[in-house]
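What follows is the content of protein00.cif (mmCIF, N, CA and C atoms and all ligand atoms).
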```
data_data
#
loop_
_atom_site.group_PDB
_atom_site.id
_atom_site.type_symbol
_atom_site.label_atom_id
_atom_site.label_comp_id
_atom_site.auth_asym_id
_atom_site.auth_seq_id
_atom_site.Cartn_x
_atom_site.Cartn_y
_atom_site.Cartn_z
ATOM 1 N N MET F 227 74.021 165.219 53.046
ATOM 2 C CA MET F 227 73.468 166.510 53.458
ATOM 3 C C MET F 227 72.934 166.429 54.883
ATOM 4 N N PHE F 228 73.112 167.493 55.592
ATOM 5 C CA PHE F 228 72.660 167.544 56.975
ATOM 6 C C PHE F 228 71.140 167.481 57.043
ATOM 7 N N ASP F 229 70.644 166.691 57.985
ATOM 8 C CA ASP F 229 69.221 166.620 58.264
ATOM 9 C C ASP F 229 69.069 166.708 59.782
ATOM 10 N N PRO F 230 68.521 167.823 60.287
ATOM 11 C CA PRO F 230 68.430 167.992 61.741
ATOM 12 C C PRO F 230 67.506 166.972 62.404
ATOM 13 N N ASP F 231 66.709 166.277 61.638
ATOM 14 C CA ASP F 231 65.808 165.262 62.199
ATOM 15 C C ASP F 231 66.423 163.864 62.191
ATOM 16 N N ARG F 232 67.678 163.765 61.747
ATOM 17 C CA ARG F 232 68.333 162.462 61.667
ATOM 18 C C ARG F 232 69.472 162.402 62.689
ATOM 19 N N ILE F 233 69.607 161.257 63.356
ATOM 20 C CA ILE F 233 70.785 160.997 64.193
ATOM 21 C C ILE F 233 71.710 160.111 63.369
ATOM 22 N N ASP F 234 72.913 160.567 63.116
ATOM 23 C CA ASP F 234 73.835 159.836 62.249
ATOM 24 C C ASP F 234 74.680 158.829 63.017
ATOM 25 N N VAL F 235 74.969 159.142 64.280
ATOM 26 C CA VAL F 235 75.806 158.270 65.106
ATOM 27 C C VAL F 235 75.223 158.263 66.516
ATOM 28 N N ARG F 236 75.204 157.078 67.131
ATOM 29 C CA ARG F 236 74.831 157.017 68.548
ATOM 30 C C ARG F 236 76.006 156.456 69.325
ATOM 31 N N ALA F 237 76.234 157.018 70.498
ATOM 32 C CA ALA F 237 77.305 156.533 71.380
ATOM 33 C C ALA F 237 76.724 156.391 72.785
ATOM 34 N N LYS F 238 77.335 155.510 73.571
ATOM 35 C CA LYS F 238 76.876 155.300 74.944
ATOM 36 C C LYS F 238 77.732 156.088 75.918
ATOM 37 N N LEU F 239 77.046 156.686 76.898
ATOM 38 C CA LEU F 239 77.745 157.408 77.949
ATOM 39 C C LEU F 239 78.732 156.466 78.639
ATOM 40 N N ASN F 240 79.831 156.999 79.102
ATOM 41 C CA ASN F 240 80.882 156.245 79.816
ATOM 42 C C ASN F 240 81.559 155.201 78.939
ATOM 43 N N THR F 241 81.642 155.475 77.659
ATOM 44 C CA THR F 241 82.408 154.601 76.773
ATOM 45 C C THR F 241 83.446 155.445 76.037
ATOM 46 N N THR F 242 84.378 154.747 75.437
ATOM 47 C CA THR F 242 85.394 155.382 74.600
ATOM 48 C C THR F 242 85.302 154.763 73.218
ATOM 49 N N GLU F 243 85.342 155.597 72.191
ATOM 50 C CA GLU F 243 85.281 155.078 70.816
ATOM 51 C C GLU F 243 86.467 155.601 70.025
ATOM 52 N N ALA F 244 86.930 154.777 69.092
ATOM 53 C CA ALA F 244 87.901 155.223 68.097
ATOM 54 C C ALA F 244 87.140 155.397 66.797
ATOM 55 N N TRP F 245 87.338 156.527 66.147
ATOM 56 C CA TRP F 245 86.706 156.797 64.844
ATOM 57 C C TRP F 245 87.794 156.918 63.789
ATOM 58 N N ARG F 246 87.555 156.260 62.687
ATOM 59 C CA ARG F 246 88.444 156.416 61.535
ATOM 60 C C ARG F 246 87.768 157.395 60.577
ATOM 61 N N LEU F 247 88.351 158.570 60.420
ATOM 62 C CA LEU F 247 87.780 159.626 59.580
ATOM 63 C C LEU F 247 88.451 159.562 58.223
ATOM 64 N N ARG F 248 87.694 159.173 57.218
ATOM 65 C CA ARG F 248 88.268 159.052 55.873
ATOM 66 C C ARG F 248 87.835 160.234 55.022
ATOM 67 N N ASN F 249 88.775 160.815 54.336
ATOM 68 C CA ASN F 249 88.488 161.902 53.405
ATOM 69 C C ASN F 249 88.672 161.337 51.996
ATOM 70 N N VAL F 250 87.576 161.008 51.345
ATOM 71 C CA VAL F 250 87.651 160.402 50.016
ATOM 72 C C VAL F 250 87.579 161.459 48.905
ATOM 73 N N SER F 251 87.604 162.726 49.298
ATOM 74 C CA SER F 251 87.515 163.777 48.294
ATOM 75 C C SER F 251 88.909 164.226 47.861
ATOM 76 N N ARG F 252 88.954 165.194 46.978
ATOM 77 C CA ARG F 252 90.229 165.702 46.458
ATOM 78 C C ARG F 252 90.658 166.991 47.133
ATOM 79 N N GLU F 253 89.966 167.361 48.188
ATOM 80 C CA GLU F 253 90.361 168.558 48.912
ATOM 81 C C GLU F 253 90.407 168.273 50.401
ATOM 82 N N GLU F 254 91.123 169.112 51.126
ATOM 83 C CA GLU F 254 91.216 168.922 52.559
ATOM 84 C C GLU F 254 89.928 169.382 53.223
ATOM 85 N N HIS F 255 89.610 168.735 54.341
ATOM 86 C CA HIS F 255 88.495 169.158 55.179
ATOM 87 C C HIS F 255 88.992 169.220 56.611
ATOM 88 N N THR F 256 88.309 170.006 57.403
ATOM 89 C CA THR F 256 88.669 170.132 58.814
ATOM 90 C C THR F 256 87.526 169.576 59.648
ATOM 91 N N PHE F 257 87.767 168.410 60.238
ATOM 92 C CA PHE F 257 86.749 167.788 61.090
ATOM 93 C C PHE F 257 86.674 168.561 62.402
ATOM 94 N N HIS F 258 85.453 168.855 62.832
ATOM 95 C CA HIS F 258 85.224 169.559 64.100
ATOM 96 C C HIS F 258 84.021 168.942 64.782
ATOM 97 N N ILE F 259 84.145 168.705 66.091
ATOM 98 C CA ILE F 259 83.006 168.166 66.829
ATOM 99 C C ILE F 259 82.778 169.025 68.065
ATOM 100 N N HIS F 260 81.528 169.191 68.427
ATOM 101 C CA HIS F 260 81.170 169.967 69.605
ATOM 102 C C HIS F 260 81.220 169.076 70.851
ATOM 103 N N VAL F 261 81.179 169.675 72.004
ATOM 104 C CA VAL F 261 81.032 169.041 73.331
ATOM 105 C C VAL F 261 82.266 168.250 73.783
ATOM 106 N N ASN F 262 82.613 167.169 73.107
ATOM 107 C CA ASN F 262 83.715 166.323 73.551
ATOM 108 C C ASN F 262 84.930 166.531 72.657
ATOM 109 N N HIS F 263 86.055 166.824 73.272
ATOM 110 C CA HIS F 263 87.270 166.865 72.482
ATOM 111 C C HIS F 263 87.754 165.427 72.256
ATOM 112 N N PHE F 264 88.812 165.284 71.500
ATOM 113 C CA PHE F 264 89.314 163.943 71.155
ATOM 114 C C PHE F 264 90.827 163.956 71.136
ATOM 115 N N GLN F 265 91.387 162.760 71.098
ATOM 116 C CA GLN F 265 92.834 162.602 70.952
ATOM 117 C C GLN F 265 93.096 162.050 69.565
ATOM 118 N N VAL F 266 94.006 162.671 68.837
ATOM 119 C CA VAL F 266 94.387 162.141 67.523
ATOM 120 C C VAL F 266 95.364 160.995 67.741
ATOM 121 N N ILE F 267 95.059 159.844 67.162
ATOM 122 C CA ILE F 267 95.880 158.636 67.326
ATOM 123 C C ILE F 267 96.849 158.478 66.156
ATOM 124 N N SER F 268 96.350 158.673 64.935
ATOM 125 C CA SER F 268 97.228 158.512 63.774
ATOM 126 C C SER F 268 96.719 159.368 62.622
ATOM 127 N N VAL F 269 97.623 159.706 61.741
ATOM 128 C CA VAL F 269 97.309 160.432 60.509
ATOM 129 C C VAL F 269 97.912 159.633 59.362
ATOM 130 N N ASN F 270 97.075 159.206 58.450
ATOM 131 C CA ASN F 270 97.509 158.372 57.320
ATOM 132 C C ASN F 270 98.329 157.161 57.775
ATOM 133 N N GLY F 271 97.876 156.548 58.881
ATOM 134 C CA GLY F 271 98.515 155.329 59.368
ATOM 135 C C GLY F 271 99.759 155.546 60.204
ATOM 136 N N ARG F 272 100.203 156.791 60.330
ATOM 137 C CA ARG F 272 101.397 157.059 61.140
ATOM 138 C C ARG F 272 100.975 157.537 62.519
ATOM 139 N N PRO F 273 101.575 156.993 63.581
ATOM 140 C CA PRO F 273 101.223 157.441 64.933
ATOM 141 C C PRO F 273 101.408 158.949 65.081
ATOM 142 N N TYR F 274 100.487 159.562 65.800
ATOM 143 C CA TYR F 274 100.521 161.011 65.986
ATOM 144 C C TYR F 274 100.814 161.299 67.453
ATOM 145 N N GLN F 275 101.774 162.135 67.713
ATOM 146 C CA GLN F 275 102.135 162.480 69.097
ATOM 147 C C GLN F 275 101.244 163.628 69.569
ATOM 148 N N ALA F 276 100.078 163.274 70.078
ATOM 149 C CA ALA F 276 99.143 164.297 70.540
ATOM 150 C C ALA F 276 99.672 164.950 71.814
ATOM 151 N N ARG F 277 99.508 166.263 71.903
ATOM 152 C CA ARG F 277 99.947 166.984 73.098
ATOM 153 C C ARG F 277 98.760 167.314 73.996
ATOM 154 N N GLY F 278 97.606 166.783 73.653
ATOM 155 C CA GLY F 278 96.421 167.048 74.458
ATOM 156 C C GLY F 278 95.187 166.837 73.611
ATOM 157 N N GLY F 279 94.036 167.168 74.194
ATOM 158 C CA GLY F 279 92.796 167.025 73.465
ATOM 159 C C GLY F 279 92.635 168.149 72.462
ATOM 160 N N GLN F 280 91.889 167.889 71.434
ATOM 161 C CA GLN F 280 91.595 168.927 70.450
ATOM 162 C C GLN F 280 90.185 168.709 69.912
ATOM 163 N N ASP F 281 89.617 169.763 69.333
ATOM 164 C CA ASP F 281 88.248 169.640 68.823
ATOM 165 C C ASP F 281 88.173 169.825 67.312
ATOM 166 N N THR F 282 89.327 170.013 66.679
ATOM 167 C CA THR F 282 89.382 170.040 65.220
ATOM 168 C C THR F 282 90.617 169.271 64.773
ATOM 169 N N VAL F 283 90.548 168.708 63.587
ATOM 170 C CA VAL F 283 91.719 168.073 62.997
ATOM 171 C C VAL F 283 91.596 168.158 61.480
ATOM 172 N N GLN F 284 92.720 168.421 60.853
ATOM 173 C CA GLN F 284 92.763 168.514 59.396
ATOM 174 C C GLN F 284 92.748 167.112 58.788
ATOM 175 N N LEU F 285 91.865 166.884 57.823
ATOM 176 C CA LEU F 285 91.794 165.587 57.140
ATOM 177 C C LEU F 285 92.451 165.735 55.772
ATOM 178 N N PRO F 286 93.609 165.097 55.583
ATOM 179 C CA PRO F 286 94.273 165.227 54.285
ATOM 180 C C PRO F 286 93.427 164.598 53.177
ATOM 181 N N HIS F 287 93.463 165.188 51.994
ATOM 182 C CA HIS F 287 92.651 164.637 50.902
ATOM 183 C C HIS F 287 93.151 163.241 50.550
ATOM 184 N N GLY F 288 92.210 162.340 50.382
ATOM 185 C CA GLY F 288 92.555 160.950 50.105
ATOM 186 C C GLY F 288 93.145 160.218 51.292
ATOM 187 N N GLY F 289 93.082 160.811 52.471
ATOM 188 C CA GLY F 289 93.728 160.202 53.633
ATOM 189 C C GLY F 289 92.759 159.878 54.747
ATOM 190 N N GLU F 290 93.325 159.515 55.886
ATOM 191 C CA GLU F 290 92.474 159.197 57.028
ATOM 192 C C GLU F 290 93.180 159.543 58.333
ATOM 193 N N VAL F 291 92.351 159.862 59.309
ATOM 194 C CA VAL F 291 92.821 160.208 60.645
ATOM 195 C C VAL F 291 92.034 159.349 61.621
ATOM 196 N N VAL F 292 92.716 158.758 62.600
ATOM 197 C CA VAL F 292 92.035 157.999 63.650
ATOM 198 C C VAL F 292 92.062 158.840 64.919
ATOM 199 N N ILE F 293 90.879 158.984 65.512
ATOM 200 C CA ILE F 293 90.755 159.746 66.758
ATOM 201 C C ILE F 293 90.116 158.857 67.813
ATOM 202 N N ARG F 294 90.324 159.240 69.079
ATOM 203 C CA ARG F 294 89.694 158.524 70.191
ATOM 204 C C ARG F 294 88.957 159.541 71.046
ATOM 205 N N MET F 295 87.701 159.217 71.349
ATOM 206 C CA MET F 295 86.850 160.130 72.118
ATOM 207 C C MET F 295 86.222 159.402 73.289
ATOM 208 N N GLU F 296 86.120 160.107 74.415
ATOM 209 C CA GLU F 296 85.425 159.575 75.580
ATOM 210 C C GLU F 296 84.098 160.332 75.730
ATOM 211 N N PHE F 297 83.067 159.584 76.068
ATOM 212 C CA PHE F 297 81.740 160.179 76.274
ATOM 213 C C PHE F 297 81.417 160.066 77.759
ATOM 214 N N LEU F 298 81.827 161.085 78.533
ATOM 215 C CA LEU F 298 81.847 160.933 79.986
ATOM 216 C C LEU F 298 80.744 161.651 80.738
ATOM 217 N N ASP F 299 80.285 162.787 80.277
ATOM 218 C CA ASP F 299 79.445 163.579 81.172
ATOM 219 C C ASP F 299 78.306 164.329 80.484
ATOM 220 N N PHE F 300 77.965 163.960 79.287
ATOM 221 C CA PHE F 300 76.894 164.689 78.604
ATOM 222 C C PHE F 300 76.065 163.708 77.794
ATOM 223 N N THR F 301 74.769 163.736 78.000
ATOM 224 C CA THR F 301 73.879 162.976 77.135
ATOM 225 C C THR F 301 73.084 163.975 76.303
ATOM 226 N N GLY F 302 72.790 163.573 75.089
ATOM 227 C CA GLY F 302 72.031 164.453 74.212
ATOM 228 C C GLY F 302 72.657 164.489 72.839
ATOM 229 N N LYS F 303 72.102 165.393 72.042
ATOM 230 C CA LYS F 303 72.459 165.474 70.630
ATOM 231 C C LYS F 303 73.372 166.678 70.397
ATOM 232 N N TYR F 304 74.366 166.505 69.559
ATOM 233 C CA TYR F 304 75.217 167.633 69.171
ATOM 234 C C TYR F 304 75.861 167.341 67.819
ATOM 235 N N PRO F 305 76.347 168.386 67.160
ATOM 236 C CA PRO F 305 76.820 168.200 65.783
ATOM 237 C C PRO F 305 78.320 167.961 65.665
ATOM 238 N N PHE F 306 78.704 167.364 64.564
ATOM 239 C CA PHE F 306 80.087 167.402 64.083
ATOM 240 C C PHE F 306 80.008 167.776 62.613
ATOM 241 N N HIS F 307 81.034 168.497 62.147
ATOM 242 C CA HIS F 307 80.925 169.061 60.799
ATOM 243 C C HIS F 307 82.278 169.475 60.274
ATOM 244 N N CYS F 308 82.321 169.764 59.000
ATOM 245 C CA CYS F 308 83.514 170.356 58.415
ATOM 246 C C CYS F 308 83.601 171.800 58.906
ATOM 247 N N HIS F 309 84.797 172.216 59.299
ATOM 248 C CA HIS F 309 84.959 173.555 59.842
ATOM 249 C C HIS F 309 85.264 174.588 58.764
ATOM 250 N N ILE F 310 85.295 174.180 57.505
ATOM 251 C CA ILE F 310 85.384 175.148 56.411
ATOM 252 C C ILE F 310 83.972 175.681 56.208
ATOM 253 N N LEU F 311 83.821 176.985 56.408
ATOM 254 C CA LEU F 311 82.481 177.568 56.494
ATOM 255 C C LEU F 311 81.618 177.269 55.274
ATOM 256 N N SER F 312 82.198 177.341 54.082
ATOM 257 C CA SER F 312 81.380 177.123 52.886
ATOM 258 C C SER F 312 80.928 175.665 52.793
ATOM 259 N N HIS F 313 81.724 174.735 53.311
ATOM 260 C CA HIS F 313 81.316 173.324 53.315
ATOM 261 C C HIS F 313 80.205 173.102 54.346
ATOM 262 N N GLU F 314 80.419 173.653 55.514
ATOM 263 C CA GLU F 314 79.421 173.553 56.584
ATOM 264 C C GLU F 314 78.084 174.137 56.122
ATOM 265 N N ASP F 315 78.168 175.299 55.477
ATOM 266 C CA ASP F 315 76.945 175.956 55.005
ATOM 267 C C ASP F 315 76.220 175.137 53.943
ATOM 268 N N ARG F 316 76.971 174.307 53.221
ATOM 269 C CA ARG F 316 76.337 173.469 52.196
ATOM 270 C C ARG F 316 75.946 172.100 52.726
ATOM 271 N N GLY F 317 76.025 171.912 54.043
ATOM 272 C CA GLY F 317 75.451 170.711 54.644
ATOM 273 C C GLY F 317 76.424 169.611 55.014
ATOM 274 N N MET F 318 77.719 169.909 55.078
ATOM 275 C CA MET F 318 78.687 168.890 55.471
ATOM 276 C C MET F 318 78.710 168.816 57.000
ATOM 277 N N MET F 319 77.658 168.208 57.515
ATOM 278 C CA MET F 319 77.434 168.216 58.962
ATOM 279 C C MET F 319 76.577 167.012 59.329
ATOM 280 N N ALA F 320 76.756 166.507 60.536
ATOM 281 C CA ALA F 320 75.971 165.359 61.010
ATOM 282 C C ALA F 320 75.749 165.517 62.507
ATOM 283 N N ASP F 321 74.858 164.695 63.044
ATOM 284 C CA ASP F 321 74.561 164.737 64.470
ATOM 285 C C ASP F 321 74.926 163.416 65.137
ATOM 286 N N ILE F 322 75.467 163.547 66.348
ATOM 287 C CA ILE F 322 75.684 162.392 67.225
ATOM 288 C C ILE F 322 74.758 162.542 68.422
ATOM 289 N N GLU F 323 74.287 161.427 68.928
ATOM 290 C CA GLU F 323 73.513 161.436 70.168
ATOM 291 C C GLU F 323 74.178 160.500 71.156
ATOM 292 N N VAL F 324 74.469 161.030 72.341
ATOM 293 C CA VAL F 324 75.047 160.205 73.412
ATOM 294 C C VAL F 324 73.897 159.821 74.338
ATOM 295 N N VAL F 325 73.786 158.514 74.582
ATOM 296 C CA VAL F 325 72.665 157.991 75.377
ATOM 297 C C VAL F 325 73.203 157.225 76.580
ATOM 298 N N ARG F 326 72.374 157.066 77.594
ATOM 299 C CA ARG F 326 72.755 156.295 78.794
ATOM 300 C C ARG F 326 72.831 154.816 78.483
HETATM 301 CU CU CU F 401 85.066 170.413 54.136
#
```
As structure tokens, what does this structure read like?
Ligand SMILES: [Cu+2]
Amino acid sequence: MFDPDRIDVRAKLNTTEAWRLRNVSREEHTFHIHVNHFQVISVNGRPYQARGGQDTVQLPHGGEVVIRMEFLDFTGKYPFHCHILSHEDRGMMADIEVVR
């Protein structure tokens, strides 16, 4: 459940991270992050031919997506969450903080 007083992930400015997004549920979710877009690297272990940056990606149920994000020009806190409104409203959301 989302807690606005909790930082779930910290990242350092001027770094690049790869995140493995696992969907262990039986339904699809749409990962969405604010501020920094990302490049999709693979979906369920298969290379993905990204045509550019994106800020949402569909997470297949029981599957995983690997993304790569650069933290280049913003420090501070911002959210990432499921983009299905009813999931987001029920707290499927977390905060990242980018620090120097
Ligand atoms: Cu969801």
Centre, edges in Å (one decimal): axis-aligned box, segment 309-316 of chain F, 8 Å padding on all six sides, as JSON:
```
{"center_x": 80.7, "center_y": 174.8, "center_z": 56.0, "size_x": 25.4, "size_y": 21.5, "size_z": 23.6}
```
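Picture a line from atom CA of Ser312 of chain F to atom CU of ligand CU 401 (chain F); it runs 7.8 Å.
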Can you translate the PyMOL selection byres (((not hetatm) and name CA) within 12 of (chain F and resi 401)) into the concrete residues it hits in this file, as a ChimeraX atom specification?
/F:248-258,282-287,306-319
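Across the model, the gap from atom C of Gly278 of chain F to atom N of Phe228 of chain F is 28.5 Å.
For chain F, a DSSP pass over the backbone yields alpha helix (DSSP H) at Leu311, Ser312, His313, Glu314 and Asp315 of chain F.
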Provide the atom C of Val269 of chain F to atom CA of Glu290 of chain F distance in Å, to one decimal place.
5.9 Å
Pick out each residue of segment 231-318 of chain F that DSSP on the backbone tags as strand (DSSP E or B); I need them as a short mmCIF file (atom, residue, chain, number, x, y, z; two decimals) with N, CA and C atoms, in the frame of the given file.
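Contents of selection15.cif, freshly written:
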```
data_model
loop_
_atom_site.label_atom_id
_atom_site.label_comp_id
_atom_site.auth_asym_id
_atom_site.auth_seq_id
_atom_site.Cartn_x
_atom_site.Cartn_y
_atom_site.Cartn_z
N VAL F 235 74.97 159.14 64.28
CA VAL F 235 75.81 158.27 65.11
C VAL F 235 75.22 158.26 66.52
N ARG F 236 75.20 157.08 67.13
CA ARG F 236 74.83 157.02 68.55
C ARG F 236 76.01 156.46 69.32
N ALA F 237 76.23 157.02 70.50
CA ALA F 237 77.31 156.53 71.38
C ALA F 237 76.72 156.39 72.78
N LYS F 238 77.33 155.51 73.57
CA LYS F 238 76.88 155.30 74.94
C LYS F 238 77.73 156.09 75.92
N THR F 241 81.64 155.48 77.66
CA THR F 241 82.41 154.60 76.77
C THR F 241 83.45 155.44 76.04
N THR F 242 84.38 154.75 75.44
CA THR F 242 85.39 155.38 74.60
C THR F 242 85.30 154.76 73.22
N GLU F 243 85.34 155.60 72.19
CA GLU F 243 85.28 155.08 70.82
C GLU F 243 86.47 155.60 70.03
N ALA F 244 86.93 154.78 69.09
CA ALA F 244 87.90 155.22 68.10
C ALA F 244 87.14 155.40 66.80
N TRP F 245 87.34 156.53 66.15
CA TRP F 245 86.71 156.80 64.84
C TRP F 245 87.79 156.92 63.79
N ARG F 246 87.56 156.26 62.69
CA ARG F 246 88.44 156.42 61.54
C ARG F 246 87.77 157.40 60.58
N LEU F 247 88.35 158.57 60.42
CA LEU F 247 87.78 159.63 59.58
C LEU F 247 88.45 159.56 58.22
N ARG F 248 87.69 159.17 57.22
CA ARG F 248 88.27 159.05 55.87
C ARG F 248 87.84 160.23 55.02
N HIS F 255 89.61 168.74 54.34
CA HIS F 255 88.50 169.16 55.18
C HIS F 255 88.99 169.22 56.61
N THR F 256 88.31 170.01 57.40
CA THR F 256 88.67 170.13 58.81
C THR F 256 87.53 169.58 59.65
N PHE F 257 87.77 168.41 60.24
CA PHE F 257 86.75 167.79 61.09
C PHE F 257 86.67 168.56 62.40
N HIS F 258 85.45 168.86 62.83
CA HIS F 258 85.22 169.56 64.10
C HIS F 258 84.02 168.94 64.78
N ILE F 259 84.14 168.70 66.09
CA ILE F 259 83.01 168.17 66.83
C ILE F 259 82.78 169.02 68.06
N PHE F 264 88.81 165.28 71.50
CA PHE F 264 89.31 163.94 71.16
C PHE F 264 90.83 163.96 71.14
N GLN F 265 91.39 162.76 71.10
CA GLN F 265 92.83 162.60 70.95
C GLN F 265 93.10 162.05 69.56
N VAL F 266 94.01 162.67 68.84
CA VAL F 266 94.39 162.14 67.52
C VAL F 266 95.36 161.00 67.74
N ILE F 267 95.06 159.84 67.16
CA ILE F 267 95.88 158.64 67.33
C ILE F 267 96.85 158.48 66.16
N SER F 268 96.35 158.67 64.94
CA SER F 268 97.23 158.51 63.77
C SER F 268 96.72 159.37 62.62
N VAL F 269 97.62 159.71 61.74
CA VAL F 269 97.31 160.43 60.51
C VAL F 269 97.91 159.63 59.36
N ARG F 272 100.20 156.79 60.33
CA ARG F 272 101.40 157.06 61.14
C ARG F 272 100.98 157.54 62.52
N PRO F 273 101.58 156.99 63.58
CA PRO F 273 101.22 157.44 64.93
C PRO F 273 101.41 158.95 65.08
N GLN F 280 91.89 167.89 71.43
CA GLN F 280 91.60 168.93 70.45
C GLN F 280 90.18 168.71 69.91
N THR F 282 89.33 170.01 66.68
CA THR F 282 89.38 170.04 65.22
C THR F 282 90.62 169.27 64.77
N VAL F 283 90.55 168.71 63.59
CA VAL F 283 91.72 168.07 63.00
C VAL F 283 91.60 168.16 61.48
N GLN F 284 92.72 168.42 60.85
CA GLN F 284 92.76 168.51 59.40
C GLN F 284 92.75 167.11 58.79
N LEU F 285 91.86 166.88 57.82
CA LEU F 285 91.79 165.59 57.14
C LEU F 285 92.45 165.74 55.77
N GLU F 290 93.32 159.51 55.89
CA GLU F 290 92.47 159.20 57.03
C GLU F 290 93.18 159.54 58.33
N VAL F 291 92.35 159.86 59.31
CA VAL F 291 92.82 160.21 60.64
C VAL F 291 92.03 159.35 61.62
N VAL F 292 92.72 158.76 62.60
CA VAL F 292 92.04 158.00 63.65
C VAL F 292 92.06 158.84 64.92
N ILE F 293 90.88 158.98 65.51
CA ILE F 293 90.76 159.75 66.76
C ILE F 293 90.12 158.86 67.81
N ARG F 294 90.32 159.24 69.08
CA ARG F 294 89.69 158.52 70.19
C ARG F 294 88.96 159.54 71.05
N MET F 295 87.70 159.22 71.35
CA MET F 295 86.85 160.13 72.12
C MET F 295 86.22 159.40 73.29
N GLU F 296 86.12 160.11 74.42
CA GLU F 296 85.42 159.57 75.58
C GLU F 296 84.10 160.33 75.73
N PHE F 297 83.07 159.58 76.07
CA PHE F 297 81.74 160.18 76.27
C PHE F 297 81.42 160.07 77.76
N GLY F 302 72.79 163.57 75.09
CA GLY F 302 72.03 164.45 74.21
C GLY F 302 72.66 164.49 72.84
N LYS F 303 72.10 165.39 72.04
CA LYS F 303 72.46 165.47 70.63
C LYS F 303 73.37 166.68 70.40
N TYR F 304 74.37 166.50 69.56
CA TYR F 304 75.22 167.63 69.17
C TYR F 304 75.86 167.34 67.82
N PRO F 305 76.35 168.39 67.16
CA PRO F 305 76.82 168.20 65.78
C PRO F 305 78.32 167.96 65.67
N PHE F 306 78.70 167.36 64.56
CA PHE F 306 80.09 167.40 64.08
C PHE F 306 80.01 167.78 62.61
N HIS F 307 81.03 168.50 62.15
CA HIS F 307 80.92 169.06 60.80
C HIS F 307 82.28 169.48 60.27
N CYS F 308 82.32 169.76 59.00
CA CYS F 308 83.51 170.36 58.42
C CYS F 308 83.60 171.80 58.91
#
```
Any chance you could resolve the PyMOL selection byres (((chain F and resi 301 and name CA) around 12) and not hetatm and name CA) against this file and give the residues as a PyMOL selection string?
chain F and resi 236-241+261-262+297-300+302-304+322-326
Selection dump of the PyMOL selection byres (((chain F and resi 263) around 6.5) and not hetatm), as a list in words
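Taken on the displayed file, the PyMOL selection byres (((chain F and resi 263) around 6.5) and not hetatm) yields the residues His260, Val261, Asn262, Phe264, Gln265, Gly279, Gln280, Asp281, Arg294, Met295 and Glu296 of chain F.
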Residue nearest Asp321 of chain F - candidates F:Gly271, F:Glu243, F:Val266, F:Val235, atoms counted: only N, CA and C atoms
F:Val235
